[in-house]
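Novice: Structure file final30.txt, compact mmCIF, C-alpha atoms, is pasted below:
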# COMPACT_ATOMS: atom_id res chain seq x y z
CA MET A 248 -37.85 16.70 39.18
CA ASP A 249 -34.47 16.85 40.80
CA HIS A 250 -33.02 19.25 38.22
CA GLY A 251 -35.34 21.93 39.56
CA ARG A 252 -33.64 21.92 42.94
CA LEU A 253 -29.97 22.22 42.07
CA ALA A 254 -29.82 25.69 43.56
CA ALA A 255 -27.62 27.05 46.35
CA GLU A 256 -29.52 28.89 49.06
CA VAL A 257 -28.94 32.65 49.22
CA TRP A 258 -31.25 33.21 52.17
CA PRO A 259 -31.62 30.97 55.23
CA ILE A 260 -33.17 27.58 54.59
CA MET A 261 -36.60 27.16 56.11
CA THR A 262 -36.55 24.20 58.47
CA ILE A 263 -39.69 22.18 57.93
CA ALA A 264 -40.83 19.14 59.84
CA VAL A 265 -42.12 16.40 57.61
CA ASP A 266 -43.01 13.76 60.18
CA SER A 267 -46.58 13.64 58.88
CA PRO A 268 -46.36 14.48 55.17
CA GLU A 269 -49.84 13.14 54.48
CA ALA A 270 -51.47 15.71 56.71
CA GLY A 271 -52.87 18.62 54.72
CA SER A 272 -54.20 21.99 55.74
CA SER A 273 -57.90 22.80 55.61
CA ALA A 274 -59.11 24.66 52.54
CA PRO A 275 -59.06 28.47 52.81
CA ASP A 276 -61.98 30.72 51.95
CA PHE A 277 -60.46 31.67 48.59
CA PRO A 278 -59.83 29.51 45.50
CA VAL A 279 -56.32 28.05 45.41
CA PHE A 280 -54.34 28.37 42.18
CA ASP A 281 -51.36 26.02 41.86
CA VAL A 282 -48.73 27.11 39.32
CA ASP A 283 -46.90 23.75 39.24
CA ASN A 284 -48.70 20.43 38.74
CA HIS A 285 -47.45 17.57 36.60
CA LEU A 286 -48.82 14.80 34.47
CA TYR A 287 -47.17 11.49 33.69
CA GLU A 288 -47.08 10.81 29.95
CA THR A 289 -48.44 7.67 28.34
CA GLU A 290 -46.00 5.43 26.50
CA ASP A 291 -46.98 6.85 23.11
CA ALA A 292 -46.78 10.51 24.11
CA LEU A 293 -43.64 11.15 22.07
CA THR A 294 -44.53 8.88 19.14
CA ARG A 295 -48.29 8.98 18.46
CA HIS A 296 -48.06 11.94 16.09
CA LEU A 297 -44.55 11.50 14.72
CA PRO A 298 -44.40 11.44 10.91
CA ALA A 299 -43.63 8.02 9.44
CA ALA A 300 -40.20 9.20 8.35
CA HIS A 301 -39.28 9.67 12.01
CA ARG A 302 -41.04 6.66 13.51
CA ASP A 303 -37.83 5.44 15.21
CA LEU A 304 -36.89 8.77 16.77
CA PHE A 305 -38.22 7.60 20.15
CA ARG A 306 -38.59 3.94 21.02
CA PHE A 307 -38.74 1.77 24.10
CA VAL A 308 -36.44 -1.20 24.57
CA GLU A 309 -36.33 -3.78 27.32
CA LEU A 310 -33.18 -3.89 29.42
CA ASN A 311 -32.85 -6.26 32.34
CA GLY A 312 -36.59 -6.67 32.47
CA ARG A 313 -37.34 -2.93 32.46
CA LYS A 314 -38.39 -0.62 29.66
CA LYS A 315 -35.97 2.14 28.78
CA LEU A 316 -36.25 4.97 26.29
CA VAL A 317 -33.96 5.30 23.27
CA VAL A 318 -33.72 8.71 21.57
CA ARG A 319 -32.29 8.12 18.11
CA SER A 320 -29.45 5.76 19.10
CA LEU A 321 -28.98 7.00 22.67
CA LEU A 322 -30.28 4.95 25.58
CA THR A 323 -31.32 7.65 28.02
CA GLU A 324 -31.49 7.23 31.79
CA TYR A 325 -32.89 10.73 32.25
CA ILE A 326 -36.02 9.26 33.85
CA PRO A 327 -35.47 5.89 35.59
CA ASN A 328 -38.91 4.59 34.64
CA PRO A 329 -39.99 6.43 31.48
CA THR A 330 -43.26 4.46 31.10
CA PHE A 331 -44.48 5.73 34.50
CA GLU A 332 -46.34 2.49 35.14
CA VAL A 333 -45.00 2.76 38.67
CA VAL A 334 -43.87 6.02 40.26
CA ALA A 335 -42.59 7.32 43.56
CA ARG A 336 -45.31 8.41 45.97
CA PRO A 337 -46.08 12.14 45.89
CA GLY A 338 -43.94 13.94 48.44
CA SER A 339 -41.86 10.90 49.33
CA HIS A 340 -38.62 12.89 49.01
CA MET A 341 -39.76 15.74 51.24
CA ALA A 342 -37.33 14.92 54.06
CA PHE A 343 -34.41 15.25 51.64
CA TYR A 344 -35.45 18.66 50.35
CA ALA A 345 -36.34 19.92 53.82
CA SER A 346 -32.72 19.16 54.81
CA GLU A 347 -33.90 16.53 57.29
CA ASN A 348 -32.15 13.54 55.75
CA THR A 349 -29.99 13.11 58.83
CA GLU A 350 -29.53 9.38 58.26
CA GLY A 351 -28.08 9.98 54.81
CA LYS A 352 -30.62 7.84 52.98
CA SER A 353 -30.67 7.73 49.20
CA LEU A 354 -33.69 9.08 47.36
CA ARG A 355 -34.65 5.51 46.52
CA GLU A 356 -34.55 4.60 50.21
CA LEU A 357 -36.60 7.65 51.13
CA ALA A 358 -39.16 6.91 48.44
CA GLY A 359 -39.86 3.44 49.79
CA LYS A 360 -42.24 1.22 47.90
CA PRO A 361 -43.42 2.81 44.64
CA MET A 362 -47.06 3.11 43.68
CA ARG A 363 -48.94 2.26 40.52
CA THR A 364 -49.79 5.29 38.44
CA VAL A 365 -53.41 6.24 38.99
CA PRO A 366 -55.80 7.73 36.39
CA ALA A 367 -55.48 11.19 37.96
CA PHE A 368 -51.85 11.29 36.85
CA ARG A 369 -52.78 10.40 33.26
CA GLU A 370 -56.01 12.16 32.31
CA PRO A 371 -57.85 15.37 33.17
CA ALA A 372 -61.27 14.20 34.37
CA ALA A 373 -59.78 12.08 37.13
CA ARG A 374 -57.28 14.82 37.93
CA LEU A 375 -60.06 17.36 38.32
CA ALA A 376 -61.79 15.07 40.81
CA LEU A 377 -58.53 14.75 42.75
CA MET A 378 -58.08 18.52 42.71
CA ASP A 379 -61.51 18.88 44.27
CA GLU A 380 -60.46 16.52 47.05
CA GLN A 381 -57.19 18.40 47.54
CA GLY A 382 -58.83 21.82 47.63
CA LEU A 383 -57.26 23.09 44.41
CA ASP A 384 -59.34 25.25 42.13
CA THR A 385 -56.99 25.67 39.20
CA CYS A 386 -53.53 24.54 38.14
CA LEU A 387 -50.96 24.72 35.40
CA MET A 388 -50.17 21.19 34.17
CA PHE A 389 -46.63 20.47 33.02
CA PRO A 390 -45.20 17.39 31.34
CA THR A 391 -42.56 15.20 32.97
CA LEU A 392 -40.77 13.09 30.35
CA ALA A 393 -40.99 15.68 27.56
CA SER A 394 -38.35 17.87 29.20
CA LEU A 395 -35.70 15.59 27.75
CA ILE A 396 -36.53 16.33 24.10
CA GLU A 397 -34.68 19.53 23.33
CA GLU A 398 -31.34 18.70 24.91
CA ARG A 399 -31.12 15.31 23.22
CA LEU A 400 -31.93 16.78 19.81
CA ARG A 401 -29.96 19.99 20.18
CA ASP A 402 -27.81 19.28 17.11
CA ASP A 403 -30.86 19.11 14.82
CA PRO A 404 -33.26 22.07 15.09
CA LYS A 405 -35.58 20.78 12.37
CA LEU A 406 -35.93 17.44 14.13
CA THR A 407 -36.55 19.32 17.37
CA ASP A 408 -39.44 21.15 15.69
CA VAL A 409 -40.91 17.83 14.52
CA ALA A 410 -40.63 16.21 17.95
CA ILE A 411 -42.06 19.19 19.84
CA HIS A 412 -45.02 19.48 17.48
CA ALA A 413 -45.74 15.75 17.81
CA PHE A 414 -45.69 16.00 21.61
CA ASN A 415 -47.97 19.04 21.60
CA GLU A 416 -50.44 17.11 19.45
CA TRP A 417 -50.48 14.28 22.00
CA LEU A 418 -50.90 16.76 24.86
CA HIS A 419 -53.93 18.29 23.18
CA ASP A 420 -55.38 14.83 22.48
CA ASP A 421 -55.17 13.64 26.05
CA TRP A 422 -55.44 16.80 28.15
CA THR A 423 -56.45 19.71 25.91
CA TYR A 424 -54.80 23.03 26.72
CA ASP A 425 -57.73 24.35 28.73
CA TYR A 426 -59.75 21.71 30.53
CA GLN A 427 -62.98 23.18 31.94
CA GLY A 428 -61.20 26.44 32.74
CA ARG A 429 -59.34 24.77 35.62
CA ILE A 430 -56.49 22.68 34.21
CA PHE A 431 -54.21 24.55 31.85
CA ALA A 432 -51.78 22.17 30.18
CA THR A 433 -48.63 23.78 28.81
CA PRO A 434 -47.56 22.97 25.23
CA ILE A 435 -43.85 23.36 24.54
CA ILE A 436 -42.57 26.20 22.40
CA THR A 437 -38.94 26.33 21.28
CA PRO A 438 -38.20 29.02 18.69
CA THR A 439 -35.38 27.29 16.83
CA THR A 440 -36.11 30.07 14.36
CA PRO A 441 -38.59 32.91 14.81
CA GLU A 442 -40.69 31.42 12.03
CA ALA A 443 -40.77 27.95 13.62
CA GLY A 444 -41.64 29.44 17.00
CA ILE A 445 -44.48 31.53 15.56
CA ARG A 446 -45.82 28.59 13.58
CA GLU A 447 -46.11 26.34 16.64
CA LEU A 448 -47.35 29.22 18.79
CA GLU A 449 -50.17 29.93 16.35
CA THR A 450 -51.18 26.27 16.40
CA VAL A 451 -51.46 26.04 20.18
CA LEU A 452 -53.09 29.45 20.52
CA GLY A 453 -55.71 28.32 18.04
CA ARG A 454 -56.47 25.43 20.35
CA GLY A 455 -56.94 27.56 23.43
CA ALA A 456 -53.50 27.58 25.10
CA LYS A 457 -53.21 30.21 27.81
CA VAL A 458 -49.71 29.20 28.91
CA VAL A 459 -46.75 27.87 26.93
CA LEU A 460 -43.65 26.15 28.23
CA MET A 461 -40.11 27.20 27.36
CA ARG A 462 -37.06 25.66 28.97
CA PRO A 463 -34.66 28.14 30.61
CA ALA A 464 -31.84 27.61 28.14
CA PRO A 465 -30.48 28.77 24.79
CA VAL A 466 -32.33 27.56 21.73
CA THR A 467 -30.59 25.61 18.99
CA GLY A 468 -31.09 27.05 15.54
CA SER A 469 -29.49 26.76 12.14
CA ARG A 470 -26.61 29.02 13.25
CA GLY A 471 -26.01 27.20 16.52
CA PRO A 472 -27.18 27.71 20.11
CA ARG A 473 -28.09 31.24 21.14
CA SER A 474 -30.35 33.17 23.45
CA PRO A 475 -33.99 33.29 22.37
CA PHE A 476 -34.05 36.92 23.58
CA LEU A 477 -31.67 38.31 20.97
CA PRO A 478 -33.17 40.84 18.49
CA GLU A 479 -33.32 38.22 15.74
CA PHE A 480 -36.17 36.58 17.68
CA ASP A 481 -38.20 39.80 17.98
CA PRO A 482 -40.93 38.65 15.55
CA PHE A 483 -41.61 35.71 17.86
CA TRP A 484 -41.79 37.86 20.99
CA ALA A 485 -43.95 40.39 19.19
CA ARG A 486 -46.50 37.63 18.61
CA VAL A 487 -46.18 36.45 22.23
CA GLN A 488 -46.89 39.99 23.45
CA GLU A 489 -49.77 40.48 21.03
CA SER A 490 -51.42 37.21 22.08
CA GLY A 491 -51.05 37.79 25.82
CA VAL A 492 -50.00 34.17 26.36
CA ILE A 493 -48.02 33.44 29.54
CA VAL A 494 -44.52 32.02 29.06
CA ALA A 495 -43.62 29.53 31.81
CA LEU A 496 -39.88 28.98 32.22
CA HIS A 497 -40.10 25.60 33.91
CA ALA A 498 -36.97 23.80 35.13
CA SER A 499 -35.73 21.37 32.54
CA ASP A 500 -32.61 19.70 31.26
CA SER A 501 -31.07 22.99 30.15
CA GLY A 502 -27.76 21.53 29.00
CA TYR A 503 -25.72 22.62 32.00
CA GLN A 504 -24.65 19.08 32.75
CA GLU A 505 -21.94 19.58 30.13
CA TYR A 506 -20.25 22.21 32.30
CA LEU A 507 -20.60 20.18 35.47
CA ASN A 508 -19.07 17.21 33.65
CA THR A 509 -16.05 19.32 32.72
CA TRP A 510 -15.32 20.02 36.35
CA GLU A 511 -15.68 16.38 37.28
CA GLY A 512 -13.74 15.01 34.33
CA ARG A 513 -16.50 12.80 33.01
CA ASP A 514 -19.23 12.74 30.42
CA GLY A 515 -22.84 11.64 30.29
CA GLU A 516 -26.32 13.12 30.41
CA PHE A 517 -28.22 14.73 33.23
CA VAL A 518 -30.12 12.05 35.17
CA ALA A 519 -33.00 12.98 37.44
CA PHE A 520 -33.12 11.69 41.01
CA LYS A 521 -29.36 11.08 41.21
CA PRO A 522 -28.14 14.15 43.12
CA LYS A 523 -24.43 14.84 43.40
CA THR A 524 -22.76 17.08 45.95
CA PHE A 525 -20.74 19.13 43.46
CA ALA A 526 -23.76 19.84 41.28
CA TYR A 527 -25.77 21.00 44.28
CA VAL A 528 -23.07 23.45 45.29
CA ALA A 529 -22.00 24.61 41.83
CA ASP A 530 -25.27 24.95 39.95
CA GLY A 531 -26.80 27.70 42.05
CA GLY A 532 -29.85 28.15 39.85
CA ARG A 533 -27.53 29.04 36.99
CA SER A 534 -29.85 28.25 34.09
CA ILE A 535 -32.77 30.40 35.25
CA GLN A 536 -30.44 33.25 36.27
CA ASP A 537 -28.80 33.23 32.85
CA THR A 538 -32.18 33.05 31.12
CA LEU A 539 -33.64 36.05 32.90
CA ALA A 540 -30.37 37.98 32.70
CA SER A 541 -30.50 37.52 28.94
CA ALA A 542 -34.14 38.62 28.69
CA ILE A 543 -33.18 41.81 30.55
CA CYS A 544 -29.65 42.56 29.29
CA HIS A 545 -30.40 41.70 25.67
CA GLY A 546 -33.32 44.11 25.77
CA MET A 547 -36.24 41.81 25.00
CA LEU A 548 -38.27 43.02 27.98
CA ASP A 549 -37.70 46.64 26.95
CA ARG A 550 -38.77 45.96 23.38
CA PHE A 551 -41.81 43.94 24.52
CA PRO A 552 -42.85 45.34 27.91
CA ARG A 553 -46.08 43.32 28.15
CA VAL A 554 -44.45 39.89 27.90
CA ARG A 555 -45.05 37.89 31.09
CA LEU A 556 -42.48 35.33 32.24
CA VAL A 557 -43.17 32.91 35.10
CA SER A 558 -40.28 30.99 36.60
CA VAL A 559 -41.62 27.59 37.71
CA GLU A 560 -39.84 24.92 39.78
CA ASN A 561 -36.57 26.84 39.73
CA GLY A 562 -36.94 27.90 43.35
CA GLY A 563 -36.46 31.44 44.59
CA SER A 564 -33.17 31.51 46.45
CA TRP A 565 -31.21 32.55 43.36
CA VAL A 566 -33.17 35.79 42.90
CA GLY A 567 -30.99 37.66 45.37
CA VAL A 568 -27.84 36.82 43.41
CA LEU A 569 -29.40 37.88 40.10
CA ALA A 570 -30.75 41.11 41.58
CA LYS A 571 -27.37 41.99 43.11
CA ASN A 572 -25.56 41.38 39.83
CA LEU A 573 -28.10 43.39 37.85
CA GLU A 574 -27.81 46.29 40.29
CA LEU A 575 -24.00 46.30 40.22
CA THR A 576 -23.93 46.11 36.43
CA TYR A 577 -26.39 48.99 36.13
CA LYS A 578 -24.24 51.16 38.40
CA LYS A 579 -21.22 50.50 36.18
CA MET A 580 -22.96 50.75 32.80
CA PRO A 581 -26.26 52.64 33.18
CA GLN A 582 -26.01 53.81 29.57
CA GLU A 583 -26.46 50.18 28.43
CA PHE A 584 -29.95 49.91 29.90
CA GLN A 585 -33.08 51.58 28.64
CA THR A 586 -34.85 50.73 31.91
CA HIS A 587 -33.37 49.90 35.31
CA PRO A 588 -32.91 46.10 35.22
CA LEU A 589 -34.52 45.56 38.62
CA GLU A 590 -37.60 47.38 37.39
CA LEU A 591 -37.84 44.91 34.52
CA LEU A 592 -37.37 41.95 36.84
CA ARG A 593 -40.17 43.13 39.10
CA ARG A 594 -42.45 44.20 36.25
CA ASN A 595 -42.27 41.21 33.90
CA VAL A 596 -41.31 38.19 36.03
CA TRP A 597 -43.25 36.06 38.50
CA ILE A 598 -41.45 33.54 40.74
CA ASN A 599 -42.58 30.13 42.04
CA PRO A 600 -40.35 29.30 45.04
CA PHE A 601 -39.72 25.78 46.21
CA TRP A 602 -41.98 24.76 49.07
CA GLU A 603 -38.91 24.45 51.32
CA ASP A 604 -37.52 27.92 50.49
CA SER A 605 -37.49 30.77 52.93
CA LEU A 606 -39.69 33.49 51.42
CA ASP A 607 -38.40 36.51 53.33
CA GLY A 608 -35.69 37.58 50.90
CA LEU A 609 -37.79 36.76 47.84
CA ILE A 610 -40.75 38.80 49.04
CA GLY A 611 -38.44 41.66 50.01
CA LEU A 612 -37.08 41.82 46.47
CA MET A 613 -40.12 40.99 44.37
CA GLY A 614 -43.14 41.78 46.56
CA THR A 615 -45.94 39.33 47.31
CA ASP A 616 -47.68 40.21 44.04
CA ARG A 617 -44.91 38.45 42.09
CA VAL A 618 -44.75 35.19 44.07
CA CYS A 619 -46.85 32.18 43.06
CA PHE A 620 -47.56 29.01 45.01
CA GLY A 621 -46.68 25.72 43.34
CA SER A 622 -46.85 22.24 44.86
CA ASP A 623 -45.00 20.21 42.17
CA TYR A 624 -47.65 17.53 42.72
CA PRO A 625 -47.40 14.53 42.22
CA HIS A 626 -43.62 14.47 41.98
CA ALA A 627 -41.67 12.89 44.79
CA GLU A 628 -39.85 16.15 45.59
CA GLY A 629 -43.10 18.11 45.75
CA LEU A 630 -45.69 18.38 48.49
CA ALA A 631 -47.62 15.25 49.43
CA GLU A 632 -50.61 17.50 50.12
CA PRO A 633 -50.60 20.78 48.16
CA LEU A 634 -52.52 22.82 50.74
CA SER A 635 -49.93 22.00 53.40
CA PHE A 636 -48.02 24.96 51.96
CA LEU A 637 -50.42 27.17 53.90
CA ASP A 638 -48.83 25.92 57.12
CA ARG A 639 -45.50 27.35 55.94
CA ILE A 640 -46.72 30.93 55.44
CA THR A 641 -48.80 31.45 58.57
CA ASP A 642 -46.66 34.45 59.54
CA LEU A 643 -47.73 36.42 56.46
CA PRO A 644 -50.70 38.81 56.48
CA PRO A 645 -53.88 37.16 55.13
CA ALA A 646 -53.92 39.43 52.07
CA ASP A 647 -50.40 38.31 51.14
CA VAL A 648 -51.30 34.66 51.63
CA GLU A 649 -54.21 35.07 49.24
CA ARG A 650 -52.03 36.76 46.65
CA ILE A 651 -49.45 33.97 46.69
CA MET A 652 -51.97 31.11 46.85
CA SER A 653 -54.59 32.51 44.52
CA THR A 654 -54.79 36.02 43.12
CA ASN A 655 -51.42 36.31 41.38
CA LEU A 656 -51.91 33.32 39.09
CA ALA A 657 -55.63 34.05 38.68
CA ASP A 658 -54.78 37.54 37.43
CA LEU A 659 -52.14 36.18 35.06
CA LEU A 660 -54.66 33.74 33.60
CA GLY A 661 -57.42 36.31 33.49
CA VAL A 662 -59.65 34.02 35.54
CA THR A 663 -62.21 35.33 38.02
CA ARG A 664 -63.42 33.20 40.91
CA SER A 665 -65.84 34.41 43.57
CA ALA A 666 -65.42 31.37 45.83
CA PRO A 667 -63.75 27.96 45.94
CA ALA A 668 -64.98 25.63 43.19
CA ALA A 669 -67.99 23.55 44.14
CA GLY A 670 -67.36 20.07 45.49
CA LYS A 671 -63.93 20.73 46.95
CA ALA A 672 -63.05 19.51 50.40
Represent the structure from my file as structure tokens, please.
Specialist:
Amino acid sequence: MDHGRLAAEVWPIMTIAVDSPEAGSSAPDFPVFDVDNHLYETEDALTRHLPAAHRDLFRFVELNGRKKLVVRSLLTEYIPNPTFEVVARPGSHMAFYASENTEGKSLRELAGKPMRTVPAFREPAARLALMDEQGLDTCLMFPTLASLIEERLRDDPKLTDVAIHAFNEWLHDDWTYDYQGRIFATPIITPTTPEAGIRELETVLGRGAKVVLMRPAPVTGSRGPRSPFLPEFDPFWARVQESGVIVALHASDSGYQEYLNTWEGRDGEFVAFKPKTFAYVADGGRSIQDTLASAICHGMLDRFPRVRLVSVENGGSWVGVLAKNLELTYKKMPQEFQTHPLELLRRNVWINPFWEDSLDGLIGLMGTDRVCFGSDYPHAEGLAEPLSFLDRITDLPPADVERIMSTNLADLLGVTRSAPAAGKA
């Protein structure tokens, strides 16, 4: 969603023509692994498994003929249509994100007529069939609506634990965490306390989760918000390392709207698909930079060197700023680091750039073995055709293309493929 693209460009913007967004590239001779796909939740996704004592935590109300979501007593506009009965067409905002919105159209104008949600957006069997048509072998599957939970319950860590567990139960019901070894849905983990984080982690690991989702933000615990990478959370990260599970830091509502509001003298929540000029300039990928800076500077990645963090839908243009600041800080205070911070960044972190990003600076800093392709399908700001990303990296050597489009995520997942999955176009 839109929150994933509030990032100032550090390297030149790649100019991409989107005159024919429906046109896709032919399938390559290697299996394509997509690190960023999304599902659209059913109306009971947040409520099906809520305990009776919390049955009114999430509820839909009708307002001016449309269903809206209420969280406790707050009517949230975070997602304009939280039932997802109708959605914007995949890729319909591509002109905006490719910086080709020369007529100054709103996202609603660019999206045009919405479409009815199709089964492939709601359940895995139909999605697998669509992936075959698209030429995708494997994908990580992220929620859409669920990214609102933590920020709207940040004052109540115990209620957050209840809500996250209930959502993860729904996710397993409808998608499982490992569907035929090709769709890996990502249950949410938020260690409000180390014990709560371990408890939920053990549950999802027992059900086959290979990837878990954490928002790039502080966690809210009994002693207030704090970094999840502080030493007090070491028991949680010890279990993450021991299990080998991948931690995906997917763009979310990370609470940074509060700081943007201060500058603009207003209040209110973050709302997707309502971009504002100041936020685009000021955000600069702040939440993911702060998250990874904490994982490095607070020593978690030294204490647990086998933890694997994948930044998803945060773009890649911010990496240069983070790397520069880490390098300068190391030169001033080398005694504060057990390992050079850039070594940790390159050893433990994988980056999914936006499709419209220039990759030159990112590859120069991280290497092609730390860059993962992600289409953000079927979101409006993603690619209309996932394999069209191949047309944007034609200048790279074939071995690098295969790493970005396939091998890097396959290696993370521990999946071996000898050829594209049968039946794909």
Novice: So that I can see what lies close to Thr294 in chain A, please list as an NGL selection string the residues with an atom at most 9 Å from it, counting all atoms listed in the file and leaving out residues fewer than 4 positions away in the same chain.
Specialist: :A and (290 or 298 or 301-306 or 410 or 413-414 or 417)
Novice: Please provide as a PyMOL selection string all residues within 8 Å of Thr538 in chain A, with the sequence filter that same-chain residues fewer than 5 positions apart are discarded (counting all atoms listed in the file).
Specialist: chain A and resi 463-465+474
Novice: Around range 274-283 of chain A, with edges along x, y and z and 3 Å added on all six sides, what centre and edge lengths do you get, in Å to one decimal, as AutoDock Vina command-line options?
Specialist:
--center_x -54.4 --center_y 27.7 --center_z 46.0 --size_x 21.1 --size_y 13.9 --size_z 19.6
Novice: Considering only C-alpha atoms, can you say which of A:Gly502, A:Arg550, A:Leu573, A:Val618 comes closest to Phe517 in chain A?
Specialist: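 The shortest atom-to-atom distance to Phe517 in chain A comes from A:Gly502.
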Novice: Identify which of the residues A:Leu293, A:Leu477, A:Val279, A:Met362 lies closest to Met378 in chain A, counting only C-alpha atoms when measuring atom-to-atom distances.
Specialist: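 Nearest candidate to Met378 in chain A out of A:Leu293, A:Leu477, A:Val279, A:Met362: A:Val279.
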Novice: So what do you get for CA of Leu575 in chain A versus CA of Tyr506 in chain A, distance-wise?
Specialist: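 CA of Tyr506 in chain A lies 25.6 Å from CA of Leu575 in chain A.
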Novice: Counting all atoms listed in the file, which of A:His419, A:Arg594, A:Arg374, A:Arg401 gets nearest to Arg470 in chain A?
Specialist: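 Nearest candidate to Arg470 in chain A out of A:His419, A:Arg594, A:Arg374, A:Arg401: A:Arg401.
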Novice: Output file request: range 619-630 of chain A, with N, CA and C atoms, as a compact mmCIF listing (two decimals), in the first residue's frame.
Specialist:
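Saved the output as out.txt:
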# COMPACT_ATOMS: atom_id res chain seq x y z
N CYS A 619 16.02 -8.87 -3.62
CA CYS A 619 14.95 -9.81 -3.95
C CYS A 619 13.83 -9.12 -4.72
N PHE A 620 13.41 -9.73 -5.79
CA PHE A 620 12.29 -9.23 -6.58
C PHE A 620 10.98 -9.38 -5.83
N GLY A 621 10.15 -8.33 -5.91
CA GLY A 621 8.80 -8.39 -5.36
C GLY A 621 7.87 -7.54 -6.21
N SER A 622 6.71 -8.08 -6.55
CA SER A 622 5.79 -7.39 -7.46
C SER A 622 4.72 -6.58 -6.75
N ASP A 623 4.47 -6.86 -5.46
CA ASP A 623 3.38 -6.23 -4.70
C ASP A 623 2.01 -6.53 -5.33
N TYR A 624 1.92 -7.61 -6.07
CA TYR A 624 0.65 -8.00 -6.69
C TYR A 624 -0.32 -8.50 -5.63
N PRO A 625 -1.63 -8.16 -5.67
CA PRO A 625 -2.33 -7.40 -6.72
C PRO A 625 -2.63 -5.95 -6.33
N HIS A 626 -1.80 -5.34 -5.51
CA HIS A 626 -2.07 -3.97 -5.10
C HIS A 626 -1.96 -3.00 -6.27
N ALA A 627 -2.66 -1.91 -6.14
CA ALA A 627 -2.72 -0.93 -7.23
C ALA A 627 -1.35 -0.32 -7.52
N GLU A 628 -0.50 -0.19 -6.48
CA GLU A 628 0.81 0.42 -6.68
C GLU A 628 1.85 -0.60 -7.12
N GLY A 629 1.47 -1.85 -7.21
CA GLY A 629 2.40 -2.89 -7.65
C GLY A 629 2.39 -3.04 -9.16
N LEU A 630 2.99 -4.11 -9.63
CA LEU A 630 3.06 -4.39 -11.06
C LEU A 630 1.78 -5.08 -11.52
